[in-house]
>>> print(open('entry.csv').read())   # CSV, C-alpha atoms
chain,number,residue,atom,x,y,z
A,11,MET,CA,-60.9,4.6,-2.1
A,12,ASP,CA,-57.5,6.2,-1.7
A,13,GLN,CA,-57.9,10.0,-1.4
A,14,GLU,CA,-55.3,10.9,-3.9
A,15,MET,CA,-56.6,8.4,-6.4
A,16,GLY,CA,-60.1,9.8,-5.8
A,17,ARG,CA,-58.9,13.3,-6.6
A,18,LYS,CA,-57.3,12.1,-9.8
A,19,GLU,CA,-60.5,10.5,-10.9
A,20,VAL,CA,-62.3,13.8,-10.2
A,21,LEU,CA,-59.8,15.8,-12.2
A,22,GLU,CA,-60.1,13.5,-15.2
A,23,HIS,CA,-63.6,15.1,-15.6
A,24,PHE,CA,-62.1,18.6,-15.8
A,25,ASP,CA,-59.8,20.0,-18.5
A,26,ILE,CA,-57.0,20.9,-16.0
A,27,GLY,CA,-53.9,19.5,-14.5
A,28,MET,CA,-53.6,16.4,-12.4
A,29,GLU,CA,-51.2,17.2,-9.6
A,30,THR,CA,-52.7,18.4,-6.3
A,31,ALA,CA,-51.5,19.5,-2.8
A,32,GLY,CA,-53.4,20.5,0.3
A,33,TYR,CA,-54.2,24.3,0.5
A,34,GLY,CA,-55.6,26.7,3.1
A,35,ASN,CA,-57.1,25.8,6.4
A,36,GLY,CA,-60.9,26.0,6.0
A,37,HIS,CA,-63.1,24.5,8.7
A,38,ILE,CA,-65.9,23.2,6.4
A,39,ASN,CA,-64.6,22.1,2.9
A,40,ASP,CA,-61.4,20.3,2.0
A,41,THR,CA,-59.3,22.5,-0.4
A,42,TYR,CA,-56.5,21.5,-2.8
A,43,LEU,CA,-54.2,23.4,-5.1
A,44,VAL,CA,-54.0,22.0,-8.6
A,45,THR,CA,-50.8,22.9,-10.4
A,46,MET,CA,-49.7,23.5,-14.0
A,47,PRO,CA,-51.5,25.9,-14.3
A,48,ARG,CA,-53.1,26.6,-10.9
A,49,TYR,CA,-56.7,25.9,-9.9
A,50,ILE,CA,-58.5,25.4,-6.7
A,51,LEU,CA,-60.1,22.0,-6.2
A,52,GLN,CA,-62.6,21.7,-3.3
A,53,ARG,CA,-64.6,18.9,-1.8
A,54,ILE,CA,-68.0,20.3,-0.7
A,55,ASN,CA,-69.0,19.2,2.8
A,56,THR,CA,-72.3,17.6,2.0
A,57,SER,CA,-73.1,17.0,5.7
A,58,ILE,CA,-73.6,20.7,5.9
A,59,PHE,CA,-74.5,21.6,2.3
A,60,SER,CA,-76.8,18.7,1.4
A,61,ASN,CA,-78.0,20.2,-1.9
A,62,PRO,CA,-74.9,20.9,-4.1
A,63,ASP,CA,-77.2,21.9,-7.0
A,64,GLN,CA,-78.7,24.8,-5.1
A,65,LEU,CA,-75.4,25.7,-3.6
A,66,MET,CA,-73.6,25.9,-7.0
A,67,GLU,CA,-76.6,27.6,-8.6
A,68,ASN,CA,-76.3,30.4,-6.0
A,69,ILE,CA,-72.5,30.8,-6.6
A,70,GLU,CA,-72.9,30.7,-10.4
A,71,ASN,CA,-75.7,33.3,-10.4
A,72,VAL,CA,-73.8,35.6,-8.0
A,73,THR,CA,-70.4,35.3,-9.7
A,74,GLY,CA,-71.9,35.7,-13.1
A,75,PHE,CA,-73.7,38.9,-12.0
A,76,LEU,CA,-70.4,40.2,-10.4
A,77,ARG,CA,-68.4,39.5,-13.5
A,78,GLU,CA,-70.7,41.7,-15.6
A,79,LYS,CA,-70.6,44.5,-13.0
A,80,ILE,CA,-66.8,44.4,-12.7
A,81,ALA,CA,-66.3,44.4,-16.4
A,82,ALA,CA,-68.7,47.3,-16.9
A,83,ASP,CA,-66.7,49.2,-14.3
A,84,GLY,CA,-63.5,48.6,-16.2
A,85,GLY,CA,-62.2,46.0,-13.8
A,86,ASP,CA,-60.8,42.5,-14.2
A,87,PRO,CA,-63.5,39.9,-13.6
A,88,ASP,CA,-60.9,37.1,-13.3
A,89,ARG,CA,-59.5,38.8,-10.3
A,90,GLY,CA,-62.6,40.5,-8.9
A,91,THR,CA,-64.7,37.4,-8.3
A,92,LEU,CA,-64.4,33.6,-8.3
A,93,THR,CA,-64.5,31.8,-11.6
A,94,ILE,CA,-66.2,28.4,-11.6
A,95,VAL,CA,-64.4,25.9,-14.0
A,96,PRO,CA,-67.0,23.6,-15.6
A,97,MET,CA,-66.6,20.0,-16.2
A,98,LYS,CA,-65.8,18.7,-19.7
A,99,ASP,CA,-69.5,17.9,-20.0
A,100,GLY,CA,-70.5,21.3,-18.7
A,101,GLY,CA,-71.6,20.3,-15.2
A,102,ARG,CA,-70.9,22.5,-12.2
A,103,TYR,CA,-69.4,19.8,-10.0
A,104,TYR,CA,-68.4,16.1,-10.0
A,105,ARG,CA,-70.0,13.6,-7.6
A,106,LEU,CA,-67.5,10.8,-6.8
A,107,ASP,CA,-70.0,9.3,-4.3
A,108,GLU,CA,-72.5,10.7,-1.8
A,109,ALA,CA,-69.8,12.0,0.6
A,110,ASN,CA,-67.4,13.3,-2.1
A,111,VAL,CA,-68.6,16.1,-4.3
A,112,PHE,CA,-66.0,18.3,-5.9
A,113,ARG,CA,-65.8,21.6,-7.7
A,114,VAL,CA,-63.0,23.6,-9.3
A,115,TYR,CA,-62.3,27.4,-9.3
A,116,ARG,CA,-59.6,29.3,-11.2
A,117,PHE,CA,-56.7,30.3,-8.9
A,118,VAL,CA,-56.6,34.1,-8.5
A,119,GLU,CA,-53.0,34.9,-9.1
A,120,GLY,CA,-51.0,37.6,-7.3
A,121,THR,CA,-53.2,37.5,-4.2
A,122,LYS,CA,-52.8,36.4,-0.6
A,123,THR,CA,-55.0,35.7,2.4
A,124,ILE,CA,-54.7,37.2,5.9
A,125,GLU,CA,-55.6,34.8,8.7
A,126,ASP,CA,-56.0,36.9,11.8
A,127,SER,CA,-54.5,40.3,11.4
A,128,LYS,CA,-56.3,43.2,13.1
A,129,THR,CA,-54.2,46.1,12.0
A,130,PRO,CA,-56.2,49.2,11.1
A,131,GLY,CA,-55.0,49.0,7.5
A,132,ASP,CA,-56.0,45.4,7.0
A,133,LEU,CA,-59.4,45.9,8.7
A,134,TYR,CA,-60.1,49.0,6.6
A,135,GLU,CA,-59.4,47.0,3.4
A,136,ALA,CA,-61.5,44.1,4.7
A,137,GLY,CA,-64.4,46.5,5.3
A,138,ALA,CA,-63.9,48.0,1.8
A,139,GLY,CA,-63.8,44.5,0.3
A,140,PHE,CA,-67.0,43.3,1.9
A,141,GLY,CA,-68.7,46.6,1.3
A,142,HIS,CA,-67.7,46.6,-2.4
A,143,PHE,CA,-69.0,43.0,-2.7
A,144,GLN,CA,-72.4,44.1,-1.4
A,145,LYS,CA,-72.5,47.3,-3.3
A,146,LEU,CA,-72.0,45.4,-6.6
A,147,LEU,CA,-74.8,43.1,-5.6
A,148,ALA,CA,-77.2,45.8,-4.4
A,149,ASP,CA,-79.5,45.3,-7.3
A,150,PHE,CA,-79.2,41.5,-7.6
A,151,PRO,CA,-82.6,39.9,-7.5
A,152,VAL,CA,-82.3,38.3,-4.0
A,153,GLU,CA,-85.3,36.1,-4.5
A,154,LYS,CA,-83.2,34.0,-7.0
A,155,LEU,CA,-81.0,32.8,-4.1
A,156,HIS,CA,-81.6,29.5,-2.3
A,157,GLU,CA,-81.2,29.4,1.5
A,158,THR,CA,-78.3,27.0,1.8
A,159,ILE,CA,-78.5,26.8,5.6
A,160,ARG,CA,-82.0,27.5,6.8
A,161,ASP,CA,-82.5,30.1,9.5
A,162,PHE,CA,-78.8,30.6,9.8
A,163,HIS,CA,-79.0,34.0,11.5
A,164,HIS,CA,-82.5,33.8,12.8
A,165,THR,CA,-81.5,34.8,16.3
A,166,PRO,CA,-84.9,34.2,18.0
A,167,LYS,CA,-84.8,30.6,16.8
A,168,ARG,CA,-81.3,30.4,18.3
A,169,VAL,CA,-82.7,31.6,21.6
A,170,GLN,CA,-85.5,29.0,21.3
A,171,ALA,CA,-82.9,26.3,20.7
A,172,LEU,CA,-81.0,27.4,23.9
A,173,ARG,CA,-84.2,27.2,25.9
A,174,GLU,CA,-84.8,23.7,24.7
A,175,ALA,CA,-81.2,22.7,25.6
A,176,ILE,CA,-81.7,24.1,29.1
A,177,ARG,CA,-85.0,22.2,29.5
A,178,GLU,CA,-83.6,18.9,28.2
A,179,ASP,CA,-80.2,19.3,29.8
A,180,ARG,CA,-78.9,16.2,27.9
A,181,ALA,CA,-75.4,16.4,29.3
A,182,GLY,CA,-76.4,17.3,32.8
A,183,ARG,CA,-74.5,20.6,32.7
A,184,ALA,CA,-77.2,23.2,33.2
A,185,GLU,CA,-76.7,23.4,37.0
A,186,SER,CA,-73.0,24.3,36.6
A,187,VAL,CA,-73.6,27.2,34.1
A,188,LYS,CA,-76.4,29.1,35.8
A,189,ARG,CA,-74.6,32.4,35.5
A,190,GLU,CA,-74.1,32.0,31.7
A,191,ILE,CA,-77.7,30.9,31.2
A,192,GLU,CA,-79.0,33.9,33.2
A,193,PHE,CA,-76.9,36.3,31.1
A,194,ALA,CA,-78.1,34.7,27.8
A,195,LEU,CA,-81.8,34.9,28.8
A,196,GLU,CA,-81.6,38.4,30.3
A,197,ASN,CA,-80.3,39.6,26.9
A,198,ALA,CA,-82.8,37.7,24.8
A,199,SER,CA,-85.3,40.6,24.8
A,200,TRP,CA,-83.5,42.3,21.9
A,201,ALA,CA,-82.6,39.2,19.9
A,202,ASP,CA,-85.5,39.7,17.5
A,203,THR,CA,-84.5,43.2,16.4
A,204,VAL,CA,-83.2,42.5,12.9
A,205,VAL,CA,-85.6,39.6,12.2
A,206,LYS,CA,-88.6,41.8,13.2
A,207,GLY,CA,-87.2,44.7,11.2
A,208,MET,CA,-87.0,42.5,8.1
A,209,GLU,CA,-90.5,41.1,8.6
A,210,GLU,CA,-91.9,44.6,8.9
A,211,GLY,CA,-90.0,45.7,5.8
A,212,ARG,CA,-87.9,48.3,7.6
A,213,ILE,CA,-84.7,46.4,7.0
A,214,PRO,CA,-84.3,45.2,3.4
A,215,ALA,CA,-83.3,41.7,2.4
A,216,ARG,CA,-79.9,41.8,0.5
A,217,VAL,CA,-77.4,39.4,-0.8
A,218,THR,CA,-75.3,38.4,2.3
A,219,HIS,CA,-72.1,36.5,2.6
A,220,ASN,CA,-72.7,35.2,6.1
A,221,ASP,CA,-69.1,34.3,6.9
A,222,THR,CA,-67.2,37.6,6.8
A,223,LYS,CA,-64.0,36.6,8.4
A,224,ILE,CA,-60.9,38.5,7.1
A,225,ASN,CA,-59.5,35.3,5.6
A,226,ASN,CA,-62.4,35.1,3.2
A,227,ILE,CA,-61.0,38.0,1.2
A,228,LEU,CA,-58.1,37.8,-1.2
A,229,PHE,CA,-55.7,40.8,-1.0
A,230,ASP,CA,-53.3,41.9,-3.6
A,231,GLN,CA,-49.8,40.7,-2.7
A,232,VAL,CA,-48.2,44.1,-3.6
A,233,SER,CA,-50.7,46.8,-2.7
A,234,GLY,CA,-52.5,45.0,0.1
A,235,LYS,CA,-55.8,46.1,-1.4
A,236,ALA,CA,-58.9,43.8,-1.2
A,237,VAL,CA,-59.3,42.0,-4.5
A,238,CYS,CA,-61.9,39.3,-4.2
A,239,VAL,CA,-64.4,37.9,-1.7
A,240,ILE,CA,-64.2,34.1,-1.5
A,241,ASP,CA,-66.0,31.2,0.2
A,242,LEU,CA,-69.4,31.9,-1.2
A,243,ASP,CA,-71.2,28.7,0.1
A,244,THR,CA,-73.3,30.7,2.6
A,245,VAL,CA,-74.3,33.5,0.1
A,246,MET,CA,-78.0,33.8,0.5
A,247,PRO,CA,-80.8,36.3,1.3
A,248,GLY,CA,-80.4,38.1,4.6
A,249,SER,CA,-79.6,41.5,6.3
A,250,MET,CA,-76.3,43.3,5.7
A,251,LEU,CA,-76.3,43.7,9.5
A,252,TYR,CA,-75.4,40.1,9.8
A,253,ASP,CA,-72.3,40.5,7.6
A,254,PHE,CA,-71.2,43.8,9.2
A,255,GLY,CA,-71.7,42.5,12.8
A,256,ASP,CA,-70.1,39.1,12.3
A,257,ALA,CA,-67.0,40.6,10.6
A,258,LEU,CA,-66.4,42.8,13.7
A,259,ARG,CA,-67.4,40.0,16.2
A,260,MET,CA,-64.0,38.6,15.5
A,261,GLY,CA,-62.2,41.5,13.9
A,262,GLY,CA,-62.9,43.8,16.8
A,263,SER,CA,-62.0,41.4,19.7
A,264,THR,CA,-58.7,41.8,21.3
A,265,GLY,CA,-58.5,38.0,22.0
A,266,ALA,CA,-59.1,34.8,20.2
A,267,GLU,CA,-62.6,33.4,20.1
A,268,ASP,CA,-61.7,30.8,22.8
A,269,GLU,CA,-59.3,32.9,25.0
A,270,VAL,CA,-59.9,31.8,28.6
A,271,ASP,CA,-58.3,34.8,30.2
A,272,LEU,CA,-61.2,37.2,29.9
A,273,ASP,CA,-59.1,40.1,31.2
A,274,ARG,CA,-57.5,40.0,27.8
A,275,VAL,CA,-60.8,40.1,25.9
A,276,TRP,CA,-62.6,43.4,25.1
A,277,PHE,CA,-64.0,45.1,22.1
A,278,ASP,CA,-61.5,47.5,20.4
A,279,VAL,CA,-63.2,50.7,19.2
A,280,GLU,CA,-60.4,51.6,16.8
A,281,SER,CA,-60.9,48.3,15.0
A,282,PHE,CA,-64.5,49.2,14.5
A,283,ARG,CA,-63.5,52.6,13.2
A,284,ALA,CA,-61.1,51.1,10.6
A,285,PHE,CA,-63.6,48.5,9.3
A,286,ALA,CA,-66.6,50.8,9.4
A,287,LYS,CA,-64.7,53.5,7.5
A,288,GLY,CA,-63.8,51.0,4.7
A,289,TYR,CA,-67.2,49.5,4.6
A,290,LEU,CA,-69.2,52.7,4.6
A,291,GLY,CA,-66.9,54.2,2.0
A,292,GLU,CA,-68.5,51.6,-0.4
A,293,MET,CA,-72.0,51.2,1.1
A,294,ARG,CA,-72.9,54.5,2.7
A,295,GLU,CA,-75.2,55.7,0.0
A,296,ALA,CA,-76.9,52.3,-0.4
A,297,LEU,CA,-77.9,51.8,3.3
A,298,THR,CA,-81.2,52.8,4.9
A,299,GLU,CA,-81.4,55.0,8.0
A,300,ASP,CA,-82.4,51.9,10.0
A,301,GLU,CA,-79.5,49.9,8.8
A,302,LEU,CA,-77.0,52.7,9.6
A,303,ALA,CA,-78.5,53.2,13.1
A,304,LEU,CA,-78.2,49.5,13.8
A,305,LEU,CA,-74.5,49.0,12.7
A,306,PRO,CA,-73.1,49.2,16.3
A,307,PHE,CA,-76.0,47.0,17.6
A,308,SER,CA,-75.3,44.4,14.9
A,309,VAL,CA,-71.9,43.6,16.4
A,310,LYS,CA,-73.5,43.0,19.8
A,311,LEU,CA,-76.2,40.9,18.2
A,312,MET,CA,-73.9,38.7,16.2
A,313,THR,CA,-71.6,38.2,19.2
A,314,TYR,CA,-74.6,37.3,21.4
A,315,GLU,CA,-75.9,34.9,18.7
A,316,CYS,CA,-72.6,33.1,18.5
A,317,GLY,CA,-72.3,33.0,22.3
A,318,ILE,CA,-75.7,31.3,22.8
A,319,ARG,CA,-74.9,28.8,20.0
A,320,PHE,CA,-71.7,27.8,21.9
A,321,LEU,CA,-73.7,27.6,25.2
A,322,THR,CA,-76.4,25.5,23.5
A,323,ASP,CA,-73.9,23.1,22.1
A,324,TYR,CA,-72.2,22.8,25.5
A,325,LEU,CA,-75.5,21.9,27.1
A,326,ASN,CA,-76.3,19.4,24.4
A,327,GLY,CA,-73.0,17.6,24.9
A,328,ASP,CA,-70.8,19.2,22.3
A,329,THR,CA,-72.5,17.7,19.2
A,330,TYR,CA,-72.0,20.5,16.6
A,331,PHE,CA,-68.8,22.6,17.0
A,332,LYS,CA,-65.5,20.8,17.0
A,333,ILE,CA,-63.8,20.9,20.4
A,334,HIS,CA,-60.2,20.5,21.3
A,335,ARG,CA,-60.4,20.4,25.1
A,336,GLU,CA,-62.9,19.9,27.9
A,337,ARG,CA,-65.3,22.8,28.3
A,338,HIS,CA,-64.1,24.3,25.0
A,339,ASN,CA,-67.6,25.4,24.0
A,340,LEU,CA,-68.2,26.9,27.5
A,341,ASP,CA,-65.0,28.8,27.2
A,342,ARG,CA,-66.1,30.1,23.9
A,343,ALA,CA,-69.5,31.1,25.2
A,344,ARG,CA,-68.0,33.0,28.2
A,345,ASN,CA,-65.6,34.8,25.8
A,346,GLN,CA,-68.5,35.9,23.6
A,347,PHE,CA,-70.6,37.0,26.5
A,348,LYS,CA,-67.7,39.1,27.9
A,349,LEU,CA,-67.6,40.9,24.5
A,350,VAL,CA,-71.4,41.4,24.4
A,351,ALA,CA,-71.2,43.2,27.8
A,352,ASP,CA,-68.3,45.3,26.6
A,353,ILE,CA,-69.9,46.2,23.3
A,354,ALA,CA,-73.1,47.2,25.1
A,355,GLY,CA,-71.1,49.8,27.0
A,356,LYS,CA,-69.5,51.2,23.9
A,357,GLU,CA,-72.5,51.4,21.5
A,358,GLU,CA,-72.9,55.2,21.9
A,359,ALA,CA,-69.2,55.7,20.9
A,360,LEU,CA,-69.6,53.3,18.0
A,361,GLY,CA,-72.6,55.2,16.8
A,362,GLY,CA,-70.6,58.4,16.9
A,363,ILE,CA,-68.1,56.7,14.5
A,364,VAL,CA,-70.8,55.7,12.1
A,365,ARG,CA,-72.3,59.3,12.2
A,366,GLU,CA,-68.8,60.7,11.6
A,367,ALA,CA,-68.2,58.4,8.6
A,368,CYS,CA,-71.6,59.3,7.1
A,369,GLY,CA,-71.3,63.0,7.8
A,370,LYS,CA,-74.6,62.8,9.8
A,371,GLN,CA,-75.5,64.4,13.1
A,372,ASP,CA,-78.1,61.9,14.2
A,373,LEU,CA,-79.0,58.3,13.5
A,374,SER,CA,-82.0,56.9,15.4
A,375,GLY,CA,-83.5,53.4,15.6
A,376,SER,CA,-81.0,51.4,17.6
A,377,PRO,CA,-82.5,49.5,20.5
A,378,SER,CA,-81.0,49.9,24.0
>>> encode(input="entry.csv", output="structure tokens")
Amino acid sequence: MDQEMGRKEVLEHFDIGMETAGYGNGHINDTYLVTMPRYILQRINTSIFSNPDQLMENIENVTGFLREKIAADGGDPDRGTLTIVPMKDGGRYYRLDEANVFRVYRFVEGTKTIEDSKTPGDLYEAGAGFGHFQKLLADFPVEKLHETIRDFHHTPKRVQALREAIREDRAGRAESVKREIEFALENASWADTVVKGMEEGRIPARVTHNDTKINNILFDQVSGKAVCVIDLDTVMPGSMLYDFGDALRMGGSTGAEDEVDLDRVWFDVESFRAFAKGYLGEMREALTEDELALLPFSVKLMTYECGIRFLTDYLNGDTYFKIHRERHNLDRARNQFKLVADIAGKEEALGGIVREACGKQDLSGSPS
């Protein structure tokens, strides 16, 4: 079926306009802008999110909860969170066929996205935006959420997958990446820190976003303030350390994720300071001592996890991540491992920033 004709068929089931144009640059879902008035039409990637019912139930429950909180605080729910537009028959989404499942959101007017800015002001607002999102959801019954991608941030299982990839060596590449394999396995000793803390009840399960890139926040076009957290497909139970660490894995790096000149790649302490100040301004009182102590470590952990995922995919023959050149996944893995080593040397300084932001003299609990 012609894609445009398919979209028109979809839109007939919603009480909105019919003209669409491509919008945004997301890596997972296809997004379109519907005009007159404006809405967001998205095709859900069912190869990754195989259960649209659970996915949309998560989003409906979280956004409904947020709307009540925002209204109670005197805010505007139509700007503070996404609004699902139901079908004419009340359904959450329309299934054109097995590969084409569509949903509609209201367009949040007067906002903009920031793709890759790392200015202190933008990072502060990003931290405040994600912190406010989690603060509002602090008392959400997390057991109501489905796990849309199972074991997404279960780092020990990511290590296990790497060991299997090394053993199987499907693409015959293990011999050429001995140094990277050695680095990955040497650092595996602390990969279970957060998972173990959650299993033991020291680290609470919270509502987590799990994709805290700066371009997943809408900012006010005039003030530059964070307005709304978007891309809620991976909202599920987890640790806030995943969100904090992943935001700074990219936000704190001086280079792109696939920069090959590693002399240009290091972790910027001031970027951490800006994001942490914004985040802790919202979440400081809600966090446990263990969570606060592990904030610097979380950045190292999430960078390590992403690095071993890239290395695993390279060993498996590049079957998961999209690549645009030969050895692309290997370049990404080397990039992330360079950051891991740099972050490890700066954890004490990062801990000082957290203590300063919290007005505390000491925070214990971070592994070496």
>>> residues_around(input="entry.csv", residues="region 184-187 of chain A", least_positions_apart="2", cutoff="12 Å", atoms="all atoms listed in the file", output="VMD selection string")
chain A and resid 172 to 182 189 to 194 321 to 327 337 339 to 341 343 to 344
>>> atom_distance(input="entry.csv", atom1="CA of Met312 (chain A)", atom2="CA of Pro166 (chain A)")
12.0 Å
>>> residues_around(input="entry.csv", residues="Ala284 (chain A)", least_positions_apart="4", cutoff="6 Å", atoms="all atoms listed in the file", output="MDAnalysis selection string")
chainID A and resid 130 133:134
>>> closest_atom_pairs(input="entry.csv", of="region 220-284 of chain A", to="region 299-303 of chain A", cutoff="9 Å", atoms="all atoms listed in the file", output="JSON lines")
{"residue": "A:Ser249", "atom": "CA", "partner": "A:Glu301", "partner_atom": "CA", "distance": 8.8}
{"residue": "A:Met250", "atom": "CA", "partner": "A:Glu301", "partner_atom": "CA", "distance": 8.0}
{"residue": "A:Leu251", "atom": "CA", "partner": "A:Glu301", "partner_atom": "CA", "distance": 7.0}
>>> closest_residue(input="entry.csv", among="A:Leu228, A:Cys316, A:Ile50, A:Leu349", to="Asp273 (chain A)", atoms="all atoms listed in the file")
A:Leu349
>>> closest_residue(input="entry.csv", among="A:Val72, A:Ile224, A:Leu258, A:Leu311", to="Val152 (chain A)", atoms="all atoms listed in the file")
A:Val72
>>> atom_distance(input="entry.csv", atom1="CA of Thr218 (chain A)", atom2="CA of Ala138 (chain A)")
14.9 Å
>>> atom_distance(input="entry.csv", atom1="CA of Met260 (chain A)", atom2="CA of Lys223 (chain A)")
7.4 Å
>>> closest_residue(input="entry.csv", among="A:Val245, A:Val169, A:Ala148, A:Ile159", to="Asn197 (chain A)", atoms="only C-alpha atoms")
A:Val169
